[in-house]
file my_file-v2.cif (mmCIF, C-alpha atoms and all ligand atoms)
data_query
#
loop_
_atom_site.group_PDB
_atom_site.id
_atom_site.type_symbol
_atom_site.label_atom_id
_atom_site.label_comp_id
_atom_site.auth_asym_id
_atom_site.auth_seq_id
_atom_site.Cartn_x
_atom_site.Cartn_y
_atom_site.Cartn_z
ATOM 1 C CA MET A 951 10.979 -1.682 0.677
ATOM 2 C CA ILE A 952 7.988 -1.959 3.004
ATOM 3 C CA ILE A 953 8.792 -2.219 6.707
ATOM 4 C CA VAL A 954 6.494 -2.665 9.696
ATOM 5 C CA LEU A 955 7.918 -1.528 13.037
ATOM 6 C CA LEU A 956 6.445 -3.554 15.869
ATOM 7 C CA GLY A 957 7.035 -3.044 19.576
ATOM 8 C CA GLY A 958 5.469 -1.841 22.794
ATOM 9 C CA PRO A 959 4.778 1.787 23.636
ATOM 10 C CA GLY A 960 8.153 3.444 24.150
ATOM 11 C CA SER A 961 10.177 0.625 22.612
ATOM 12 C CA GLY A 962 11.886 3.085 20.271
ATOM 13 C CA LYS A 963 9.905 2.629 17.047
ATOM 14 C CA GLY A 964 9.788 6.370 16.398
ATOM 15 C CA THR A 965 13.426 6.929 17.385
ATOM 16 C CA GLN A 966 14.650 4.235 15.006
ATOM 17 C CA ALA A 967 12.236 5.284 12.245
ATOM 18 C CA LYS A 968 13.686 8.829 12.235
ATOM 19 C CA LYS A 969 17.155 7.361 11.692
ATOM 20 C CA LEU A 970 15.941 4.975 8.997
ATOM 21 C CA ILE A 971 14.377 7.836 7.005
ATOM 22 C CA ASP A 972 17.876 9.213 6.401
ATOM 23 C CA LYS A 973 19.393 5.809 5.747
ATOM 24 C CA LEU A 974 16.768 4.396 3.386
ATOM 25 C CA GLY A 975 15.227 7.549 1.913
ATOM 26 C CA ILE A 976 11.694 6.300 2.500
ATOM 27 C CA PRO A 977 8.997 7.977 4.617
ATOM 28 C CA GLN A 978 7.729 6.993 8.053
ATOM 29 C CA ILE A 979 3.991 6.563 8.487
ATOM 30 C CA SER A 980 3.154 6.823 12.189
ATOM 31 C CA THR A 981 -0.559 6.503 12.923
ATOM 32 C CA GLY A 982 -0.002 8.108 16.345
ATOM 33 C CA ASP A 983 1.611 11.133 14.644
ATOM 34 C CA ILE A 984 -1.237 11.312 12.105
ATOM 35 C CA PHE A 985 -3.811 11.422 14.927
ATOM 36 C CA ARG A 986 -1.854 14.031 16.911
ATOM 37 C CA ALA A 987 -1.526 16.208 13.789
ATOM 38 C CA ALA A 988 -5.278 15.871 13.095
ATOM 39 C CA LEU A 989 -6.013 16.875 16.677
ATOM 40 C CA LYS A 990 -3.787 19.932 16.357
ATOM 41 C CA GLU A 991 -5.810 20.938 13.304
ATOM 42 C CA GLY A 992 -9.010 20.268 15.229
ATOM 43 C CA THR A 993 -10.502 17.885 12.655
ATOM 44 C CA PRO A 994 -13.392 15.601 13.741
ATOM 45 C CA MET A 995 -11.140 12.569 13.227
ATOM 46 C CA GLY A 996 -8.468 14.076 15.487
ATOM 47 C CA LEU A 997 -10.986 14.934 18.198
ATOM 48 C CA LYS A 998 -12.445 11.442 18.049
ATOM 49 C CA ALA A 999 -8.998 9.804 18.221
ATOM 50 C CA LYS A 1000 -8.087 11.898 21.275
ATOM 51 C CA THR A 1001 -10.887 10.360 23.357
ATOM 52 C CA TYR A 1002 -9.204 6.956 22.933
ATOM 53 C CA MET A 1003 -5.589 8.115 23.094
ATOM 54 C CA ASP A 1004 -6.108 9.944 26.386
ATOM 55 C CA LYS A 1005 -7.232 6.679 27.967
ATOM 56 C CA GLY A 1006 -4.481 4.608 26.370
ATOM 57 C CA GLU A 1007 -7.020 2.655 24.346
ATOM 58 C CA LEU A 1008 -6.843 1.914 20.634
ATOM 59 C CA VAL A 1009 -8.662 4.061 18.120
ATOM 60 C CA PRO A 1010 -11.302 1.798 16.452
ATOM 61 C CA ASP A 1011 -10.069 -0.326 13.561
ATOM 62 C CA GLU A 1012 -12.467 1.200 11.003
ATOM 63 C CA VAL A 1013 -11.081 4.678 11.675
ATOM 64 C CA VAL A 1014 -7.442 3.591 11.568
ATOM 65 C CA ASN A 1015 -7.868 1.396 8.502
ATOM 66 C CA GLY A 1016 -9.573 4.257 6.662
ATOM 67 C CA VAL A 1017 -6.793 6.709 7.487
ATOM 68 C CA VAL A 1018 -4.013 4.311 6.512
ATOM 69 C CA GLY A 1019 -5.837 3.102 3.399
ATOM 70 C CA GLU A 1020 -5.961 6.672 2.147
ATOM 71 C CA ARG A 1021 -2.330 7.383 3.050
ATOM 72 C CA LEU A 1022 -1.145 4.296 1.167
ATOM 73 C CA THR A 1023 -2.438 5.663 -2.133
ATOM 74 C CA LYS A 1024 -0.042 8.655 -2.066
ATOM 75 C CA PRO A 1025 2.732 8.980 -4.687
ATOM 76 C CA ASP A 1026 5.568 9.625 -2.199
ATOM 77 C CA LEU A 1027 5.451 5.925 -1.255
ATOM 78 C CA ALA A 1028 6.679 4.588 -4.603
ATOM 79 C CA LYS A 1029 10.091 3.542 -3.192
ATOM 80 C CA GLY A 1030 8.562 2.086 -0.041
ATOM 81 C CA TYR A 1031 7.804 3.211 3.505
ATOM 82 C CA MET A 1032 7.960 2.348 7.181
ATOM 83 C CA LEU A 1033 4.804 1.765 9.169
ATOM 84 C CA ASP A 1034 5.276 2.837 12.800
ATOM 85 C CA GLY A 1035 2.475 1.874 15.186
ATOM 86 C CA PHE A 1036 0.350 0.209 12.504
ATOM 87 C CA PRO A 1037 -0.948 -2.466 12.344
ATOM 88 C CA ARG A 1038 -1.828 -2.887 16.012
ATOM 89 C CA THR A 1039 -4.610 -5.485 15.836
ATOM 90 C CA LEU A 1040 -5.238 -8.568 13.720
ATOM 91 C CA PRO A 1041 -8.043 -6.862 11.732
ATOM 92 C CA GLN A 1042 -5.610 -4.014 10.946
ATOM 93 C CA ALA A 1043 -2.957 -6.504 9.803
ATOM 94 C CA GLN A 1044 -5.525 -8.215 7.594
ATOM 95 C CA SER A 1045 -6.686 -4.902 6.159
ATOM 96 C CA LEU A 1046 -3.074 -3.985 5.352
ATOM 97 C CA GLY A 1047 -2.527 -7.380 3.755
ATOM 98 C CA LYS A 1048 -5.522 -6.844 1.478
ATOM 99 C CA ILE A 1049 -4.439 -3.359 0.419
ATOM 100 C CA LEU A 1050 -0.934 -4.584 -0.407
ATOM 101 C CA GLU A 1051 -2.315 -7.528 -2.311
ATOM 102 C CA THR A 1052 -4.404 -5.279 -4.552
ATOM 103 C CA GLN A 1053 -1.283 -3.151 -5.145
ATOM 104 C CA GLY A 1054 0.812 -6.235 -5.950
ATOM 105 C CA LYS A 1055 3.114 -5.495 -3.012
ATOM 106 C CA SER A 1056 4.086 -7.199 0.230
ATOM 107 C CA ILE A 1057 5.836 -6.536 3.539
ATOM 108 C CA ASP A 1058 9.587 -7.108 3.377
ATOM 109 C CA HIS A 1059 10.357 -6.963 7.099
ATOM 110 C CA ALA A 1060 8.259 -6.797 10.254
ATOM 111 C CA ILE A 1061 10.854 -5.650 12.776
ATOM 112 C CA LEU A 1062 10.065 -6.280 16.436
ATOM 113 C CA VAL A 1063 11.904 -3.838 18.697
ATOM 114 C CA ASP A 1064 11.881 -5.969 21.807
ATOM 115 C CA VAL A 1065 11.949 -4.223 25.216
ATOM 116 C CA PRO A 1066 10.705 -5.528 28.614
ATOM 117 C CA ASP A 1067 7.653 -3.773 30.100
ATOM 118 C CA LYS A 1068 9.447 -2.373 33.140
ATOM 119 C CA GLU A 1069 11.920 -0.473 30.982
ATOM 120 C CA LEU A 1070 9.089 0.947 28.864
ATOM 121 C CA VAL A 1071 7.497 2.729 31.826
ATOM 122 C CA ALA A 1072 10.763 4.550 32.603
ATOM 123 C CA ARG A 1073 11.241 5.514 28.966
ATOM 124 C CA LEU A 1074 7.783 6.960 28.490
ATOM 125 C CA SER A 1075 7.719 8.790 31.812
ATOM 126 C CA GLY A 1076 10.829 10.767 30.797
ATOM 127 C CA ARG A 1077 10.157 11.229 27.100
ATOM 128 C CA ARG A 1078 10.136 14.718 25.588
ATOM 129 C CA THR A 1079 8.825 15.235 22.057
ATOM 130 C CA CYS A 1080 9.455 18.101 19.621
ATOM 131 C CA LYS A 1081 6.414 20.381 19.259
ATOM 132 C CA ASN A 1082 7.074 20.908 15.568
ATOM 133 C CA SER A 1083 5.121 18.065 13.979
ATOM 134 C CA ALA A 1084 7.172 18.253 10.776
ATOM 135 C CA CYS A 1085 10.179 17.302 12.937
ATOM 136 C CA GLY A 1086 8.755 15.208 15.803
ATOM 137 C CA ALA A 1087 12.159 14.253 17.242
ATOM 138 C CA MET A 1088 12.141 12.409 20.577
ATOM 139 C CA PHE A 1089 14.411 12.909 23.567
ATOM 140 C CA HIS A 1090 14.570 11.601 27.111
ATOM 141 C CA VAL A 1091 15.395 13.482 30.298
ATOM 142 C CA MET A 1092 17.824 10.714 31.356
ATOM 143 C CA PHE A 1093 18.582 8.386 28.440
ATOM 144 C CA ASN A 1094 18.678 10.713 25.448
ATOM 145 C CA GLN A 1095 19.034 14.310 26.594
ATOM 146 C CA SER A 1096 18.707 17.262 24.275
ATOM 147 C CA LYS A 1097 21.761 19.542 24.290
ATOM 148 C CA GLN A 1098 19.725 22.391 25.721
ATOM 149 C CA GLU A 1099 16.957 21.472 28.160
ATOM 150 C CA GLY A 1100 13.495 21.733 26.603
ATOM 151 C CA ILE A 1101 14.787 22.585 23.106
ATOM 152 C CA CYS A 1102 14.919 20.245 20.092
ATOM 153 C CA ASP A 1103 18.466 19.543 18.815
ATOM 154 C CA VAL A 1104 17.195 19.042 15.266
ATOM 155 C CA CYS A 1105 15.008 22.092 14.648
ATOM 156 C CA GLY A 1106 15.231 24.327 17.746
ATOM 157 C CA SER A 1107 11.510 24.139 18.640
ATOM 158 C CA ASN A 1108 10.283 23.620 22.194
ATOM 159 C CA LEU A 1109 9.890 20.108 23.570
ATOM 160 C CA TYR A 1110 6.731 18.937 25.323
ATOM 161 C CA GLN A 1111 5.472 15.937 27.266
ATOM 162 C CA ARG A 1112 2.728 13.965 25.496
ATOM 163 C CA ASP A 1113 -0.653 13.844 27.301
ATOM 164 C CA ASP A 1114 -0.596 10.038 27.270
ATOM 165 C CA ASP A 1115 2.894 9.832 28.807
ATOM 166 C CA ASN A 1116 1.669 9.701 32.398
ATOM 167 C CA GLU A 1117 1.949 6.615 34.570
ATOM 168 C CA VAL A 1118 -1.758 5.663 34.641
ATOM 169 C CA VAL A 1119 -2.167 5.873 30.862
ATOM 170 C CA ILE A 1120 1.219 4.222 30.264
ATOM 171 C CA ARG A 1121 0.056 1.153 32.265
ATOM 172 C CA GLU A 1122 -3.090 0.945 30.167
ATOM 173 C CA ARG A 1123 -1.139 1.280 26.890
ATOM 174 C CA LEU A 1124 1.112 -1.576 27.978
ATOM 175 C CA ALA A 1125 -1.868 -3.780 28.843
ATOM 176 C CA VAL A 1126 -3.503 -2.974 25.505
ATOM 177 C CA TYR A 1127 -0.266 -3.731 23.660
ATOM 178 C CA ASN A 1128 0.151 -7.115 25.332
ATOM 179 C CA LYS A 1129 -3.443 -8.103 24.697
ATOM 180 C CA GLN A 1130 -4.190 -6.696 21.249
ATOM 181 C CA THR A 1131 -0.892 -6.058 19.470
ATOM 182 C CA ALA A 1132 1.499 -8.759 20.743
ATOM 183 C CA PRO A 1133 -0.443 -11.459 18.798
ATOM 184 C CA LEU A 1134 0.905 -9.823 15.626
ATOM 185 C CA ILE A 1135 4.346 -11.186 16.521
ATOM 186 C CA ASP A 1136 3.090 -14.725 15.825
ATOM 187 C CA TYR A 1137 1.113 -13.496 12.830
ATOM 188 C CA TYR A 1138 4.224 -12.145 11.089
ATOM 189 C CA GLU A 1139 6.372 -15.032 12.299
ATOM 190 C CA THR A 1140 4.013 -17.431 10.528
ATOM 191 C CA LYS A 1141 4.268 -15.347 7.374
ATOM 192 C CA GLY A 1142 8.072 -15.483 7.568
ATOM 193 C CA SER A 1143 8.548 -11.715 7.788
ATOM 194 C CA LEU A 1144 9.310 -11.284 11.514
ATOM 195 C CA ARG A 1145 12.781 -9.968 12.464
ATOM 196 C CA ARG A 1146 13.523 -9.688 16.173
ATOM 197 C CA VAL A 1147 15.902 -7.001 17.371
ATOM 198 C CA THR A 1148 16.696 -6.337 21.007
ATOM 199 C CA GLY A 1149 15.545 -2.821 21.819
ATOM 200 C CA VAL A 1150 17.626 -2.508 24.988
ATOM 201 C CA GLY A 1151 20.994 -0.750 24.879
ATOM 202 C CA PRO A 1152 22.391 2.327 23.133
ATOM 203 C CA ILE A 1153 20.197 3.745 20.341
ATOM 204 C CA GLU A 1154 23.097 3.444 17.844
ATOM 205 C CA GLU A 1155 23.598 -0.249 18.602
ATOM 206 C CA ILE A 1156 19.925 -0.974 18.062
ATOM 207 C CA PHE A 1157 20.077 0.921 14.794
ATOM 208 C CA ALA A 1158 23.089 -1.164 13.701
ATOM 209 C CA ALA A 1159 21.154 -4.346 14.497
ATOM 210 C CA ILE A 1160 18.244 -3.127 12.364
ATOM 211 C CA GLU A 1161 20.580 -2.246 9.503
ATOM 212 C CA LYS A 1162 21.979 -5.783 9.654
ATOM 213 C CA VAL A 1163 18.485 -7.227 9.388
ATOM 214 C CA LEU A 1164 17.773 -5.098 6.320
ATOM 215 C CA LYS A 1165 20.855 -6.288 4.421
HETATM 216 P P1 LIG A 1201 1.794 6.011 19.251
HETATM 217 O O1 LIG A 1201 2.099 7.431 19.053
HETATM 218 O O2 LIG A 1201 2.125 5.042 18.202
HETATM 219 O O3 LIG A 1201 2.423 5.572 20.625
HETATM 220 P P2 LIG A 1201 3.018 4.162 21.113
HETATM 221 O O4 LIG A 1201 2.834 2.971 20.300
HETATM 222 O O5 LIG A 1201 2.531 4.058 22.488
HETATM 223 O O6 LIG A 1201 4.502 4.296 20.936
HETATM 224 P P3 LIG A 1201 5.310 5.507 21.334
HETATM 225 O O7 LIG A 1201 5.297 6.531 20.267
HETATM 226 O O8 LIG A 1201 4.870 5.913 22.703
HETATM 227 O O9 LIG A 1201 6.774 4.861 21.475
HETATM 228 P P4 LIG A 1201 7.909 4.597 20.407
HETATM 229 O O10 LIG A 1201 8.079 3.120 20.262
HETATM 230 O O11 LIG A 1201 7.739 5.392 19.175
HETATM 231 O O12 LIG A 1201 9.151 5.098 21.259
HETATM 232 P P5 LIG A 1201 10.091 6.402 21.089
HETATM 233 O O13 LIG A 1201 11.015 6.191 19.944
HETATM 234 O O14 LIG A 1201 9.299 7.636 21.156
HETATM 235 O O15 LIG A 1201 0.233 5.857 19.572
HETATM 236 C C1 LIG A 1201 -0.393 6.687 20.517
HETATM 237 C C2 LIG A 1201 -1.870 6.355 20.606
HETATM 238 O O16 LIG A 1201 -2.492 6.557 19.321
HETATM 239 C C3 LIG A 1201 -2.204 4.904 20.955
HETATM 240 O O17 LIG A 1201 -2.210 4.692 22.351
HETATM 241 C C4 LIG A 1201 -3.598 4.772 20.327
HETATM 242 O O18 LIG A 1201 -4.596 5.365 21.138
HETATM 243 C C5 LIG A 1201 -3.484 5.589 19.052
HETATM 244 N N1 LIG A 1201 -3.066 4.793 17.908
HETATM 245 C C6 LIG A 1201 -1.925 4.938 17.178
HETATM 246 N N2 LIG A 1201 -1.836 4.014 16.218
HETATM 247 C C7 LIG A 1201 -2.960 3.255 16.326
HETATM 248 C C8 LIG A 1201 -3.432 2.101 15.640
HETATM 249 N N3 LIG A 1201 -2.744 1.558 14.612
HETATM 250 N N4 LIG A 1201 -4.617 1.558 16.032
HETATM 251 C C9 LIG A 1201 -5.330 2.107 17.035
HETATM 252 N N5 LIG A 1201 -4.927 3.165 17.748
HETATM 253 C C10 LIG A 1201 -3.750 3.741 17.393
HETATM 254 O O19 LIG A 1201 10.968 6.252 22.420
HETATM 255 C C11 LIG A 1201 10.390 6.427 23.708
HETATM 256 C C12 LIG A 1201 11.374 7.133 24.649
HETATM 257 O O20 LIG A 1201 12.499 6.284 24.911
HETATM 258 C C13 LIG A 1201 11.964 8.436 24.093
HETATM 259 O O21 LIG A 1201 12.106 9.333 25.141
HETATM 260 C C14 LIG A 1201 13.335 8.010 23.537
HETATM 261 O O22 LIG A 1201 14.271 9.080 23.567
HETATM 262 C C15 LIG A 1201 13.716 6.901 24.502
HETATM 263 N N6 LIG A 1201 14.521 5.858 23.882
HETATM 264 C C16 LIG A 1201 14.437 5.382 22.603
HETATM 265 N N7 LIG A 1201 15.344 4.384 22.409
HETATM 266 C C17 LIG A 1201 15.968 4.213 23.597
HETATM 267 C C18 LIG A 1201 17.006 3.338 24.054
HETATM 268 N N8 LIG A 1201 17.543 2.425 23.227
HETATM 269 N N9 LIG A 1201 17.410 3.428 25.334
HETATM 270 C C19 LIG A 1201 16.857 4.350 26.180
HETATM 271 N N10 LIG A 1201 15.895 5.221 25.815
HETATM 272 C C20 LIG A 1201 15.453 5.153 24.536
HETATM 273 MG MG MG A 1202 6.184 6.704 18.454
HETATM 274 ZN ZN ZN A 1203 12.372 19.358 16.283
#

call {"tool": "encode", "arguments": {"input": "my_file-v2.cif", "output": "structure tokens"}}
result
Amino acid sequence: MIIVLLGGPGSGKGTQAKKLIDKLGIPQISTGDIFRAALKEGTPMGLKAKTYMDKGELVPDEVVNGVVGERLTKPDLAKGYMLDGFPRTLPQAQSLGKILETQGKSIDHAILVDVPDKELVARLSGRRTCKNSACGAMFHVMFNQSKQEGICDVCGSNLYQRDDDNEVVIRERLAVYNKQTAPLIDYYETKGSLRRVTGVGPIEEIFAAIEKVLK
């Protein structure tokens, strides 16, 4: 099964993806996580991506398409996968479409996790992320607290606040989403693969709604 998770910054794509990994037994491919991991390793690609991420802008399509194109050739994807944060522009969606076509595959569900902008700002401002990139669990200081402050419930590593989770950059990410990524909602609607799920409410209820869509 191939799933695309669509939704604004902070809509809960990553949170739901982590739960779906257990449920479906397929991996999550988050382009944001790939760039943050590359930065941690200090690769040229990671350093280049950071200059865009710090401003809340999109990493150029050629870079992203190259990274994803390579990832999609890996053997762990035989049973399917979830794309989280990709595609984010029409050229990225077209590039993905071409890759899948050559592989004789197609997207089963493009799930839109729908959350109003004003709620997104509050979510991102209070987000805490696990430092251990193999884990990457997300928490929130108000809405989804870790049992022990600053410590990941899943793996016990320290939590940190992402560099781009500050109000100025959050506003820019929202503007970029509405301008460049929101058109993909119509794109997938036209293709018949769009599934809308409300992303407001308890995390478990949103997960149940996604499970229903997948049945
Ligand atoms: P990326 O890492 O993808 O960030 P994003 O899209 O801005 O999305 P987030 O990860 O911020 O949010 P999320 O939807 O995963 O929400 P989460 O589950 O964490 O991208 C970062 C940057 O990388 C981009 O700005 C860009 O520069 C670059 N990039 C990445 N992909 C790219 C691409 N394809 N093309 C070009 N550039 C690219 O939840 C957020 C918070 O809310 C958490 O604290 C969580 O605990 C809480 N929460 C979750 N669900 C709920 C709920 N139901 N109620 C209350 N709180 C909740
Ligand atoms: Mg995420
Ligand atoms: Zn962790």

call {"tool": "residues_around", "arguments": {"input": "my_file-v2.cif", "residues": "segment 1139-1153 of chain A", "least_positions_apart": "6", "cutoff": "8 Å", "atoms": "only C-alpha atoms", "output": "short mmCIF file (atom, residue, chain, number, x, y, z; two decimals) with C-alpha atoms, in the coordinates of the input"}}
result
data_model
loop_
_atom_site.label_atom_id
_atom_site.label_comp_id
_atom_site.auth_asym_id
_atom_site.auth_seq_id
_atom_site.Cartn_x
_atom_site.Cartn_y
_atom_site.Cartn_z
CA SER A 961 10.18 0.62 22.61
CA GLY A 962 11.89 3.08 20.27
CA GLN A 966 14.65 4.24 15.01
CA ILE A 1057 5.84 -6.54 3.54
CA ASP A 1058 9.59 -7.11 3.38
CA HIS A 1059 10.36 -6.96 7.10
CA ALA A 1060 8.26 -6.80 10.25
CA ILE A 1061 10.85 -5.65 12.78
CA LEU A 1062 10.06 -6.28 16.44
CA VAL A 1063 11.90 -3.84 18.70
CA ASP A 1064 11.88 -5.97 21.81
CA VAL A 1065 11.95 -4.22 25.22
CA ALA A 1159 21.15 -4.35 14.50
CA ILE A 1160 18.24 -3.13 12.36
CA VAL A 1163 18.48 -7.23 9.39
#

call {"tool": "closest_residue", "arguments": {"input": "my_file-v2.cif", "among": "A:Pro1025, A:Gly1086, A:Gly1100, A:Pro1010", "to": "ligand ZN 1203 (chain A)", "atoms": "all atoms listed in the file"}}
result
A:Gly1086

call {"tool": "atom_distance", "arguments": {"input": "my_file-v2.cif", "atom1": "atom O2 of ligand LIG 1201 (chain A)", "atom2": "atom CA of Glu1012 of chain A"}}
result
16.7 Å

call {"tool": "closest_atom_pairs", "arguments": {"input": "my_file-v2.cif", "of": "chain A", "to": "ligand LIG 1201 (chain A)", "cutoff": "7 Å", "atoms": "only C-alpha atoms and all ligand atoms", "output": "JSON lines"}}
result
{"residue": "A:Gly957", "atom": "CA", "partner": "A:LIG1201", "partner_atom": "O10", "distance": 6.3}
{"residue": "A:Gly958", "atom": "CA", "partner": "A:LIG1201", "partner_atom": "O4", "distance": 6.0}
{"residue": "A:Pro959", "atom": "CA", "partner": "A:LIG1201", "partner_atom": "O5", "distance": 3.4}
{"residue": "A:Gly960", "atom": "CA", "partner": "A:LIG1201", "partner_atom": "O9", "distance": 3.3}
{"residue": "A:Ser961", "atom": "CA", "partner": "A:LIG1201", "partner_atom": "O10", "distance": 4.0}
{"residue": "A:Gly962", "atom": "CA", "partner": "A:LIG1201", "partner_atom": "O13", "distance": 3.2}
{"residue": "A:Lys963", "atom": "CA", "partner": "A:LIG1201", "partner_atom": "O10", "distance": 3.7}
{"residue": "A:Gly964", "atom": "CA", "partner": "A:LIG1201", "partner_atom": "O11", "distance": 3.6}
{"residue": "A:Thr965", "atom": "CA", "partner": "A:LIG1201", "partner_atom": "O13", "distance": 3.6}
{"residue": "A:Gln966", "atom": "CA", "partner": "A:LIG1201", "partner_atom": "O13", "distance": 6.4}
{"residue": "A:Ser980", "atom": "CA", "partner": "A:LIG1201", "partner_atom": "O2", "distance": 6.4}
{"residue": "A:Thr981", "atom": "CA", "partner": "A:LIG1201", "partner_atom": "N2", "distance": 4.3}
{"residue": "A:Gly982", "atom": "CA", "partner": "A:LIG1201", "partner_atom": "O1", "distance": 3.5}
{"residue": "A:Asp983", "atom": "CA", "partner": "A:LIG1201", "partner_atom": "O1", "distance": 5.8}
{"residue": "A:Phe985", "atom": "CA", "partner": "A:LIG1201", "partner_atom": "O16", "distance": 6.7}
{"residue": "A:Ala999", "atom": "CA", "partner": "A:LIG1201", "partner_atom": "O18", "distance": 6.9}
{"residue": "A:Tyr1002", "atom": "CA", "partner": "A:LIG1201", "partner_atom": "O18", "distance": 5.2}
{"residue": "A:Met1003", "atom": "CA", "partner": "A:LIG1201", "partner_atom": "O18", "distance": 3.5}
{"residue": "A:Gly1006", "atom": "CA", "partner": "A:LIG1201", "partner_atom": "O17", "distance": 4.6}
{"residue": "A:Glu1007", "atom": "CA", "partner": "A:LIG1201", "partner_atom": "O18", "distance": 4.8}
{"residue": "A:Leu1008", "atom": "CA", "partner": "A:LIG1201", "partner_atom": "N5", "distance": 3.7}
{"residue": "A:Val1009", "atom": "CA", "partner": "A:LIG1201", "partner_atom": "N5", "distance": 3.9}
{"residue": "A:Pro1010", "atom": "CA", "partner": "A:LIG1201", "partner_atom": "C9", "distance": 6.0}
{"residue": "A:Asp1011", "atom": "CA", "partner": "A:LIG1201", "partner_atom": "N4", "distance": 6.3}
{"residue": "A:Val1014", "atom": "CA", "partner": "A:LIG1201", "partner_atom": "N4", "distance": 5.7}
{"residue": "A:Asp1034", "atom": "CA", "partner": "A:LIG1201", "partner_atom": "O2", "distance": 6.6}
{"residue": "A:Gly1035", "atom": "CA", "partner": "A:LIG1201", "partner_atom": "O2", "distance": 4.4}
{"residue": "A:Phe1036", "atom": "CA", "partner": "A:LIG1201", "partner_atom": "N3", "distance": 4.0}
{"residue": "A:Pro1037", "atom": "CA", "partner": "A:LIG1201", "partner_atom": "N3", "distance": 5.0}
{"residue": "A:Arg1038", "atom": "CA", "partner": "A:LIG1201", "partner_atom": "N3", "distance": 4.7}
{"residue": "A:Arg1073", "atom": "CA", "partner": "A:LIG1201", "partner_atom": "O20", "distance": 4.3}
{"residue": "A:Leu1074", "atom": "CA", "partner": "A:LIG1201", "partner_atom": "C12", "distance": 5.3}
{"residue": "A:Gly1076", "atom": "CA", "partner": "A:LIG1201", "partner_atom": "O21", "distance": 6.0}
{"residue": "A:Arg1077", "atom": "CA", "partner": "A:LIG1201", "partner_atom": "O21", "distance": 3.4}
{"residue": "A:Arg1078", "atom": "CA", "partner": "A:LIG1201", "partner_atom": "O21", "distance": 5.8}
{"residue": "A:Met1088", "atom": "CA", "partner": "A:LIG1201", "partner_atom": "O22", "distance": 5.0}
{"residue": "A:Phe1089", "atom": "CA", "partner": "A:LIG1201", "partner_atom": "O22", "distance": 3.8}
{"residue": "A:His1090", "atom": "CA", "partner": "A:LIG1201", "partner_atom": "O21", "distance": 3.9}
{"residue": "A:Phe1093", "atom": "CA", "partner": "A:LIG1201", "partner_atom": "N10", "distance": 4.9}
{"residue": "A:Asn1094", "atom": "CA", "partner": "A:LIG1201", "partner_atom": "O22", "distance": 5.1}
{"residue": "A:Arg1123", "atom": "CA", "partner": "A:LIG1201", "partner_atom": "O17", "distance": 5.8}
{"residue": "A:Gly1149", "atom": "CA", "partner": "A:LIG1201", "partner_atom": "N8", "distance": 5.8}
{"residue": "A:Val1150", "atom": "CA", "partner": "A:LIG1201", "partner_atom": "N8", "distance": 5.2}
{"residue": "A:Gly1151", "atom": "CA", "partner": "A:LIG1201", "partner_atom": "N8", "distance": 5.0}
{"residue": "A:Pro1152", "atom": "CA", "partner": "A:LIG1201", "partner_atom": "N8", "distance": 4.8}
{"residue": "A:Ile1153", "atom": "CA", "partner": "A:LIG1201", "partner_atom": "N8", "distance": 4.1}
{"residue": "A:Ile1156", "atom": "CA", "partner": "A:LIG1201", "partner_atom": "N8", "distance": 6.6}

call {"tool": "resolve_selection", "arguments": {"input": "my_file-v2.cif", "expression": "the PyMOL selection byres (((not hetatm)) within 10 of (chain A and resi 1203))", "output": "ChimeraX atom specification"}}
result
/A:1079-1089,1101-1109

call {"tool": "resolve_selection", "arguments": {"input": "my_file-v2.cif", "expression": "the PyMOL selection byres (((chain A and resi 1132) around 10) and not hetatm)", "output": "list in words"}}
result
Leu956, Gly957, Gly958, Arg1038, Thr1039, Leu1040, Leu1062, Val1126, Tyr1127, Asn1128, Lys1129, Gln1130, Thr1131, Pro1133, Leu1134, Ile1135, Asp1136 and Tyr1137 of chain A
